[in-house]
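Inspection log for the structure reproduced underneath, given as structure tokens.
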Amino acid sequence: MASAPSFTTDRIRNVVVVGHGGAGKTTLIDACCHASGATRRHGSTDDGTALTMFTPEEVAHGISMNTCVAYATWADAKVNFVDTPGYLDFLGETRAGVRVADGAICVVSGPGGVEVGTERVWDLLEERHLPTILFVSMMDRANADFERVYQDVKEHLTAKVIPVEVPIGSGEGFRGIVNLLHASDKAHFYRAGTQTSEYDEGDIPPDVQPLVDRFYAEMIETIAATDDTLLEHYLEGDTISRGEAVHALKQAMLRGELYPLFCGAPTLTWGVENLLDNVVELMPSPQERPAEEAFGRTGNTVELRNLNSDPFCALVFKTTSEPHVGELSFLRVFGGSVKSGDEVLNAERDKAEKLAHLSIAQGKERFEVDELRAGDIGVVAKLRDTHTNDTLSAPGHPLRMHGVDFPEPDIAVAVEALNRGEEDKLSTGLHKLHEEDPCFAAEFVAELGQTIARGLGELHLEVQLERLKRKAGVSVSMRAPRIPYRETIRAVSEAHGRYKKQTGGRGQFGDAHVRLKPRPRGDGYVFTDSIVGGVIPGKYVPAVDRGIQEASARGILAGFPVVDFEAEVYFGSYHSVDSSEAAFKVAGSMAFQQAAERAQPVILEPIMLVEVFTPEEFLGDVIGDLNQRRGQILGIEPAARAQKVRSLVPQAELYKYSTSLRSLSQGRATHTRTFHSYEEVPAHEVPKLVEATRKEREELAAAR
């Protein structure tokens with residue numbers, strides 16, 4: 001690995017690049033790094049050579065799936081670009097990138113405008129209060145329309161957007177840009193066929209001049225309105241200098257009052273130099289952002305201002321692995337500095353770690369550095385006990401930080417190794433995938449007899465299992481998870497269980513009268529000893545309880561565990577020689593089986609509380625789909641830019657629901673689900689359920 005240049009904190013810019021999938025984020029980063037000279041090659045997502053999209057799964061699917069870091073050096077500054085996926089299946093990666101950034105570029109497709117992914121990531125930027133530049137990409141593509149995108153942004157994202165660039169032409173006719181902050185009286189006309197944004201400066205075409213005049217007047221008036229001194233000069237007719245405008249715009253961006261809108265064609269590198277100029281000028285250095293909180297062992301709060309004089313503190317926001325290298329930990333330094341070879345403390349786990357071969361990332365390449373200063377983003381290999389969301393700090397000053405707020409996985413599938421004998425490899429491989437992606441989780445659920453993998457969508461799960469095959473050499477099959485049904489009773493019943501066995505010598509004898517009573521839903525199982533007069537000796541009563549519990553675990557109707565009932569043993573008899581705990585256990589089991597069949601048994605199914613967030617135009621389709629899934633609508637209420645539908649839906653009806661919901665809402669609706677309760681399966685569904693369960697158990701038995 002080669003060495004890398006060093007920059008002071010005030011010359012660092014940490015910029016997360018977000019947007020809908022396919023909007024051109026990765027292409028923009030590649031173009032910026034190439035135009036700055038930080039990379040020699042101008043890569044492409046189409047042929048798998050893009051700087052920040054290089055894993056086999058990303059190349060195969062043609063989309064970004066991982067948070068990836070690259071940097072450009074421009075105007076004596078280092079711009080750390082954090083590339084993020086645009087597809088909602090990989091939202092956890094995007095959250096990680098947003099957590100460690102000080103500013104953002106939100107990329108919007110010139111032909112496509114604001115799409116569902118744009119809206120979702122915009123919410124993340126607002127949560128973090130990140131100063132944000134908007135960039136209209138693909139201005140060289142058919143149907144690109146800058147003014148339409150501008151209005152789209154105003155309607156769906158923020159009314160505080162102001163154009164600071166005006167494109168000259170669009171589609172095949174796109175040939176230049178007027179940057180209103182740079183020189184509102186001159187245009188840049190790009191030279192076709194170049195790879196380095198070469199342009200000629202010339203007069204603004206007459207057909208573009210009215211739009212330039214309009215947007216320039218809007219820009220100056222809007223910027224002036226954010227600063228009392230500038231506003232006074234503006235109202236008095238004084239000229240506002242470029243320096244004054246840039247300074248006021250930057251301060252307004254820091255306060256979340258303005259969002260400048262740029263444009264370009266990253267595949268041609270057109271517009272990226274202007275963007276780099278303004279990223280350095282308008283994006284805050286780490287020291288210009290509000291202080292971050294860290295917490296000591298006693299709960300005391302320490303403010304980190306991204307100063308080298310702060311105590312060292314860094315957040316590990318991503319973990320990945322490389323062949324022949326092992327685990328790589330990506331970290332953002334929020335306070336202090338650290339040198340290669342230093343020993344630090346993982347305060348989360350109270351473990352010491354040595355930061356050997358400290359480096360910075362340039363896509364899949366790494367360049368060693370002697371020191372990582374406050375505010376910078378770096379990577380280190382082979383940390384023994386450190387994982388994503390852990391905090392590294394100075395050994396004498398242990399600190400912990402708020403980590404990435406990863407979304408909970410909401411899609412579940414059952415996975416099984418295709419080849420026998422690979423169960424251990426499967427378990428190890430799934431654990432390593434979780435280490436790299438906290439939004440993916442897997443565990444063996446004994447009750448279901450299945451390994452259940454959970455993720456944020458079908459594509460997310462599909463990709464993780466592709467990684468499993470590549471990294472662990474394990475191929476798996478996927479199927480719907482079994483549903484954890486239960487059974488219960490609705491009536492009081494009694495039965496007499498009598499077990500008598502004589503085979504010569506000492507026999508077996510147990511005799512118990514048992515009464516079953518239903519209990520409220522969720523109240524569980526209770527055993528009551530009502531024996532009087534010693535008709536069953538006390539030492540045998542617990543055996544009756546065990547027999548009832550074992551029988552109830554085998555079910556009544558379809559073999560599901562029986563819950564929410566009271567079992568009362570109230571009478572019986574014994575034999576002074578032949579009675580035993582084993583005999584009374586069998587008697588209890590027999591009594592339960594007979595009583596349960598007469599106690600109006602029913603099957604219970606898990607019911608989930610489902611909250612769907614959907615644009616109003618899809619509300620009817622969403623409700624209709626929930627009704628078809630036996631959903632009970634609880635209410636509808638307004639939410640941010642959406643309607644929230646609350647409903648109760650059987651878990652059995654929710655397999656692949658996320659995919660269906662995205663399909664019927666053009667990808668714009670999302671949902672959450674949490675367990676609510678167990679309720680009776682409708683009578684007409686019971687025979688189908690019993691038959692399906694019987695067949696599955698027969699197939700499992702045959703497979704063994």
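The chains in the structure tokens are called A, B, ... from first to last as shown; in each chain the residues are counted from 1, and the ligands are counted from 1 in the order shown.
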Val107 in chain A surroundings by only C-alpha atoms, 9 Å radius, close-in-sequence under 6 positions cut, as a ChimeraX atom specification:
/A:17-20,23-25,28,118,133-137
Residues of range 317-561 of chain A in helix (DSSP H, G or I) according to DSSP, as a PyMOL selection string?
chain A and resi 423-436+458-472+538-553
Distance query range 79-81 of chain A at most 8 Å, only C-alpha atoms, self and fewer than 6 positions along chain excluded, as a VMD selection string
chain A and resid 12 to 17 29 69 to 73 280 377
Convert the current residue selection to file output with N, CA and C atoms, as a PDB file, in the first residue's frame.
```
ATOM      1  N   ILE A  12     -10.493  19.215   5.790  1.00  0.00           N
ATOM      2  CA  ILE A  12     -11.186  17.956   5.522  1.00  0.00           C
ATOM      3  C   ILE A  12     -12.676  18.225   5.335  1.00  0.00           C
ATOM      4  N   ARG A  13     -13.262  17.549   4.369  1.00  0.00           N
ATOM      5  CA  ARG A  13     -14.709  17.598   4.156  1.00  0.00           C
ATOM      6  C   ARG A  13     -15.218  16.159   4.080  1.00  0.00           C
ATOM      7  N   ASN A  14     -16.116  15.802   4.966  1.00  0.00           N
ATOM      8  CA  ASN A  14     -16.721  14.467   4.961  1.00  0.00           C
ATOM      9  C   ASN A  14     -18.125  14.565   4.384  1.00  0.00           C
ATOM     10  N   VAL A  15     -18.293  14.040   3.185  1.00  0.00           N
ATOM     11  CA  VAL A  15     -19.534  14.243   2.437  1.00  0.00           C
ATOM     12  C   VAL A  15     -20.154  12.895   2.087  1.00  0.00           C
ATOM     13  N   VAL A  16     -21.349  12.644   2.582  1.00  0.00           N
ATOM     14  CA  VAL A  16     -22.060  11.427   2.208  1.00  0.00           C
ATOM     15  C   VAL A  16     -22.859  11.723   0.942  1.00  0.00           C
ATOM     16  N   VAL A  17     -22.832  10.790   0.002  1.00  0.00           N
ATOM     17  CA  VAL A  17     -23.533  10.964  -1.275  1.00  0.00           C
ATOM     18  C   VAL A  17     -24.723  10.010  -1.280  1.00  0.00           C
ATOM     19  N   ILE A  29     -19.149  10.289  -7.815  1.00  0.00           N
ATOM     20  CA  ILE A  29     -17.949  10.170  -6.986  1.00  0.00           C
ATOM     21  C   ILE A  29     -16.754   9.786  -7.850  1.00  0.00           C
ATOM     22  N   VAL A  69     -15.913   4.245   0.874  1.00  0.00           N
ATOM     23  CA  VAL A  69     -15.248   5.536   1.045  1.00  0.00           C
ATOM     24  C   VAL A  69     -14.195   5.736  -0.039  1.00  0.00           C
ATOM     25  N   ALA A  70     -14.162   6.952  -0.597  1.00  0.00           N
ATOM     26  CA  ALA A  70     -13.113   7.365  -1.534  1.00  0.00           C
ATOM     27  C   ALA A  70     -12.829   8.838  -1.275  1.00  0.00           C
ATOM     28  N   TYR A  71     -11.712   9.314  -1.772  1.00  0.00           N
ATOM     29  CA  TYR A  71     -11.408  10.724  -1.516  1.00  0.00           C
ATOM     30  C   TYR A  71     -10.894  11.409  -2.774  1.00  0.00           C
ATOM     31  N   ALA A  72     -11.136  12.711  -2.814  1.00  0.00           N
ATOM     32  CA  ALA A  72     -10.593  13.587  -3.853  1.00  0.00           C
ATOM     33  C   ALA A  72      -9.809  14.691  -3.166  1.00  0.00           C
ATOM     34  N   THR A  73      -8.718  15.122  -3.766  1.00  0.00           N
ATOM     35  CA  THR A  73      -7.962  16.262  -3.250  1.00  0.00           C
ATOM     36  C   THR A  73      -8.213  17.443  -4.181  1.00  0.00           C
ATOM     37  N   VAL A 280     -15.873  22.309  -1.420  1.00  0.00           N
ATOM     38  CA  VAL A 280     -14.827  22.808  -0.519  1.00  0.00           C
ATOM     39  C   VAL A 280     -15.255  24.116   0.132  1.00  0.00           C
ATOM     40  N   ILE A 377     -11.543  10.080   8.202  1.00  0.00           N
ATOM     41  CA  ILE A 377     -12.102   8.734   8.100  1.00  0.00           C
ATOM     42  C   ILE A 377     -10.984   7.790   7.674  1.00  0.00           C
TER      43      ILE A 377
END
```
If we count only C-alpha atoms and set the cut-off at 7 Å, which residues sit around Arg95 in chain A, ignoring sequence neighbours fewer than 6 positions away in its own chain? Please answer as a compact mmCIF listing (two decimals) with C-alpha atoms, in the first residue's frame.
```txt
# COMPACT_ATOMS: atom_id res chain seq x y z
CA VAL A 404 -25.44 3.95 13.86
CA ASP A 405 -29.19 3.52 14.30
CA PHE A 406 -29.58 0.48 12.08
```
Test item, strand (DSSP E) assignment across range 200-378 of chain A, answer as a VMD selection string
chain A and resid 200 to 202 259 to 263 292 to 295 301 to 304 313 to 322 326 to 335 338 to 339 343 to 346 351 to 354 359 to 362 365 to 368 371 to 372 377 to 378
Just to confirm, what's the straight-line distance from CA of Leu91 in chain A to CA of Pro650 in chain A in Å (one decimal)?
26.2 Å
Check the smallest atom-to-atom distance from each of A:Ala491, A:Leu426, A:Met53, A:Leu604 to Arg467 in chain A using only C-alpha atoms, then report the winner.
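Looking only at the distances to Arg467 in chain A, the closest residue turns out to be A:Leu426.
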Closest to Ala453 in chain A among A:Gly588, A:Gly559, A:Pro481, A:Gly37, using only C-alpha atoms?
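Under the stated criterion, the closest residue is A:Pro481.
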Hey, which of A:Leu331, A:Pro210, A:Gly202, A:Ala31 ends up closest to Glu273 in chain A? Count only C-alpha atoms.
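Counting only C-alpha atoms, the residue closest to Glu273 in chain A is A:Ala31.
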